[in-house]
Amino acid sequence: MSSQQLVLKQRALLLDALCGGGSAEPLDCVLDLLLAWEVLIWEDYLIIRVTEKPVSSNARCLLDVVYEKGEDASGLLLAAFKQVLPEEQKSELCFGKEYAVLEKNRPATATSALLTDRPVLVRKLRDNIHEALDVLMTTGCFTIKDCDGVQLPVYTPSQQVRRLLDQVRFKGETAARTLLKYLDQTEPINKEHQILEETKRFTASPDTLLYQKKLRSSVAAQSHFLSTYGGTGRFSLDDIYTNGLLEVMNGCGETTTLELEDVVGPVGILNKDADTVLVSGEAGNGKSTLLQRLHLLWARESLLTDIYLLFPFSCRKLNTEHRVLSLKELLFLHCCWPDRNQDEVFQFILDQPHLVLFTFDGLDEFKQGFTDEERHCCPTQPVPIPTLLFNLLQGTLMKGVMKVVASRPQAVGPSLKRYLRKEVHLKGFSPVGIDCFVKKQYRDPGMAGRIIESLQGNSALHSLCHIPVFCWIVTKCHQELLGGEDCIPQTITDVYLLVLQHFFLRKSSQPQGALRKGWLEQHLDTVLKLGQLAMEGLEASCYVFSGHELQRHGLTEHDISIGFLIYCYDMSVTDSKRYEFLHITLQCFFAALYVILNRSNNRSDIPKLFLSHRQPSGLSPKFLGHCVDCSGEKDESKMVEKPDLQITAQFASGLLSLQHRNLLLDCCPAALRERRVKQVVKSLSKAMQRHFKCIPGPVEGEKKSMHAMPSFVWLIKCIYEMQNNSIARDTMAKLDVEHLKLTYCNIGPVECTALAYVLKHLRNPVGLQLDNNCVGDVGVEQLLPCLHNCHSLYLRNNNITDEGIRKLVEKGVHCEHFQKLALFNNKLTDSCMQHFALLMKSKQNFLSLRLGNNNITSQGAEQLAEGLSCNRSLQFLGLWGNHIGDSGAAALANALKNNTEIKWFSLVDNGVGSAGASALAELVSQSKTLEELWLNKNFISRDGVECLIKALKMNSRVKEVWLKGNNLSPEEEQELKKEESRLIF
């Protein structure tokens, strides 16, 4: 079969390979190779790689363009796929005959070399982009605006490098030669470092080499199958792994999107002297699976190729280790034992710490909270496991070894954060990731399509699926989901009851169909036994259970075979089998079932769940005792979070909802159930009152605001799980603020659903600030029910695209109180500007629109201007950090001339030149309300400034025009400042 025919026949598979992971990196790598091989010319590249379009659209365009170029081009396209794709994806494709890439003469110009050497340059510049930009700035090839445009936080490091290369090529031969010269000068250093590393590896003894091979084999075997939710079948990690959203934040609060290989890379480093990288994410977001993927790719030598030895640890299993161990014993007992000469192998580890990586999964599941009080630096001296672990993390022991730690954010306090190199945030699946995961679960496209369609038709369920463990549950329980007579799940409790029913149905003797009415009562004995085991485990921060403990709780082989408990392989324990719950959230669910369904008359069980969830470290907890600070200890540095109890409280709230009353009717006496409902309601009310009492009074001249803590979000989620409008209404009746701030609170679509459910009952509209979370388009949709109660909505840095804006505006134009919107640093393009234009036309009471650091061009500005020309109310318009240029500035200035309220207008860093400044000068001269105009970081020269000066002399109302970082010399700035004092340089 010809190469063209192969491309056509395998089109769906090729598209899935480029787009399936939700990342543009595979497409970009293929494009790099095709440019270097001269299959594509620069004009082809510009047609194919359009930033504003989705990856799938660009990928289809690539296949179309190459197919039209003929047989040879198609063959080289397949060769590029073969070079770029990982081994597991290659197996599904046929690449046809081998196409050799012909050696070409060195390009005559430096700009041409940027194309022919593009794959190599991308690799070289990834770790040197800041230094390269400094060189280009110093030599005058780049401006501040050029550098900022390259380093926009919405781009991954690889995308930033490609933007740099594209910008250098646009600047011309001088800039290209400067960049290549810089790389040539750094090449000897890089080669020397490479030679040094290779020498170190070469000097490893035969026994060390043998140990590395054995360790790789052991890690590969442990990582091959998906372990996190593997109790209902064995899934190959290659078949099921789907990328989650990874972000890192710099010191200025801006985020950068990362790829998997960037987790231990240089991007986002805040403390270069520290060795510990934290991967933080909420329960079920995929932290364990991400580490497992890193382990597997290292074992295959596909990733972390500069790491010689990798040692994976589970904090859950370390909890079961009661012996005192030295570092040497910890490594060899818990990971892999050397067959020969362990002293020599260990000496290699001590001598070459930079070639070693430790990973620790589930720090939040470790019994003891982090402390840096006890120092230990001897690698051969046995000490308790907590002392060993904490000294490794802070670098007292084995300084120079990179450590990657996965944990829920609540478990990482200030004392540990001092020792972090960087913190990577894992935020679950994107909408594309959900679709990709479902398709990987079901090879039948029809079934996958039905499930995806069902999810997209239920926004509450779709929002839950952004958390990978919930997405997995939904796909596993698709028969109940798609064919059941009950309501589609709305809450997390609904989803877990679905999986409970699914597992019991799987083991039921009934041939097919749903379990009979009263199915929970039928299996109540098993549920209570598992629940007591789960609850006692949470009491003691225990997540791994021996066979003896299962027997003590009366659990039989039949109970185990249902699938809630799975066998836990632990090399350090040889005396008995060990078991763990399928997922930590499932353990919390069974604990909640036990709290609600056991018939004891202990009235304190539920209230304790809603009291303080902190405990001084070192205390021995009793039943739920670690929810209560009974010691009076006030030292925050010694407090540890117990987020598992928060999850348990959520489930307990959900189980007591009216929707599940009939399910529990035969399992729990009505009087006992009603008493527990009252206990939950009372506990929630008291917890909220304590939160509200902490709200300080308003500062004079400012609105009364509440900066909510994460515990507030948890309480809101508990109220949502109960699905009781009266509780939500009563709670919000006590909230008396004008501004509600929930920044950096890990607000995702699930939390947005709960917030909207409660905030729609507010008595008076508030400003809702959700900056620096992970709301996304689905989260925006979930917030719509409470939009009528928001006079302001702040959604900076939330991965929102044009689709989210479409839904927001459709609702917002009908909300009388909705007057302010801030969307800095999202993923907006020109496509959403028609919606903002509609907002401006429809709402003549709208006051503020801020759209900084997005991807809006002159075309989008012209669309917005159409709406602005009909609006008379807007007071603040912020478009900082876009690509609006002169024509866009002129369109906006013309549209605002008739506005009778505009006070503040920002076009900072927008490529505005003197022509744009001249158009803005007309606005300055005519506006009767404008007070500030911000034009920093543009290309305005003296001519443009003089136009502004003339305009200012005609309008005394304007207070300031900001012009820092434009095309003016220091002497010109001084001279112009003397001429007009309202110019700010």
# chains A, B, ... in the order shown; residues from 1 in each chain; ligands from 1

$ residues_around --residues "range 309-316 of chain A" --least-positions-apart "3" --cutoff "7 Å" --atoms "only C-alpha atoms" --output "MDAnalysis selection string"
chainID A and resid 212 319 331 335 355:363 365:366 543:544

$ select_by_dssp --residues "range 59-161 of chain A" --states "alpha helix (DSSP H)" --output "NGL selection string"
:A and (59-68 or 71-84 or 87-90 or 110-116 or 118-125 or 129-138 or 144-150 or 157-161)

$ residues_around --residues "Leu350 in chain A" --least-positions-apart "3" --cutoff "12 Å" --atoms "only C-alpha atoms" --output "number ranges by chain"
A: 309, 327-328, 343-347, 353-356, 378-380, 397-401

$ atom_distance --atom1 "CA of Leu968 in chain A" --atom2 "CA of Gly911 in chain A"
14.7 Å

$ residues_around --residues "Leu879 in chain A" --least-positions-apart "3" --cutoff "10 Å" --atoms "only C-alpha atoms" --output "ChimeraX atom specification"
/A:823-824,849-854,856,861,882-884,905-910,934

$ residues_around --residues "Asp273 in chain A" --least-positions-apart "4" --cutoff "10 Å" --atoms "only C-alpha atoms" --output "PyMOL selection string"
chain A and resi 269+395+399-400+419-421

$ residues_around --residues "range 126-128 of chain A" --least-positions-apart "5" --cutoff "8 Å" --atoms "only C-alpha atoms" --output "list in words"
Pro157, Ser158, Val161 and Pro266 of chain A

$ closest_residue --among "A:Gly428, A:Cys790, A:Gln522, A:Leu963" --to "Pro749 in chain A" --atoms "only C-alpha atoms"
A:Gly428

$ residues_around --residues "Ile584 in chain A" --least-positions-apart "5" --cutoff "9 Å" --atoms "only C-alpha atoms" --output "ChimeraX atom specification"
/A:283-284,543,589,644

$ atom_distance --atom1 "CA of Tyr757 in chain A" --atom2 "CA of Leu597 in chain A"
27.0 Å

$ atom_distance --atom1 "CA of Leu920 in chain A" --atom2 "CA of Ala890 in chain A"
6.6 Å
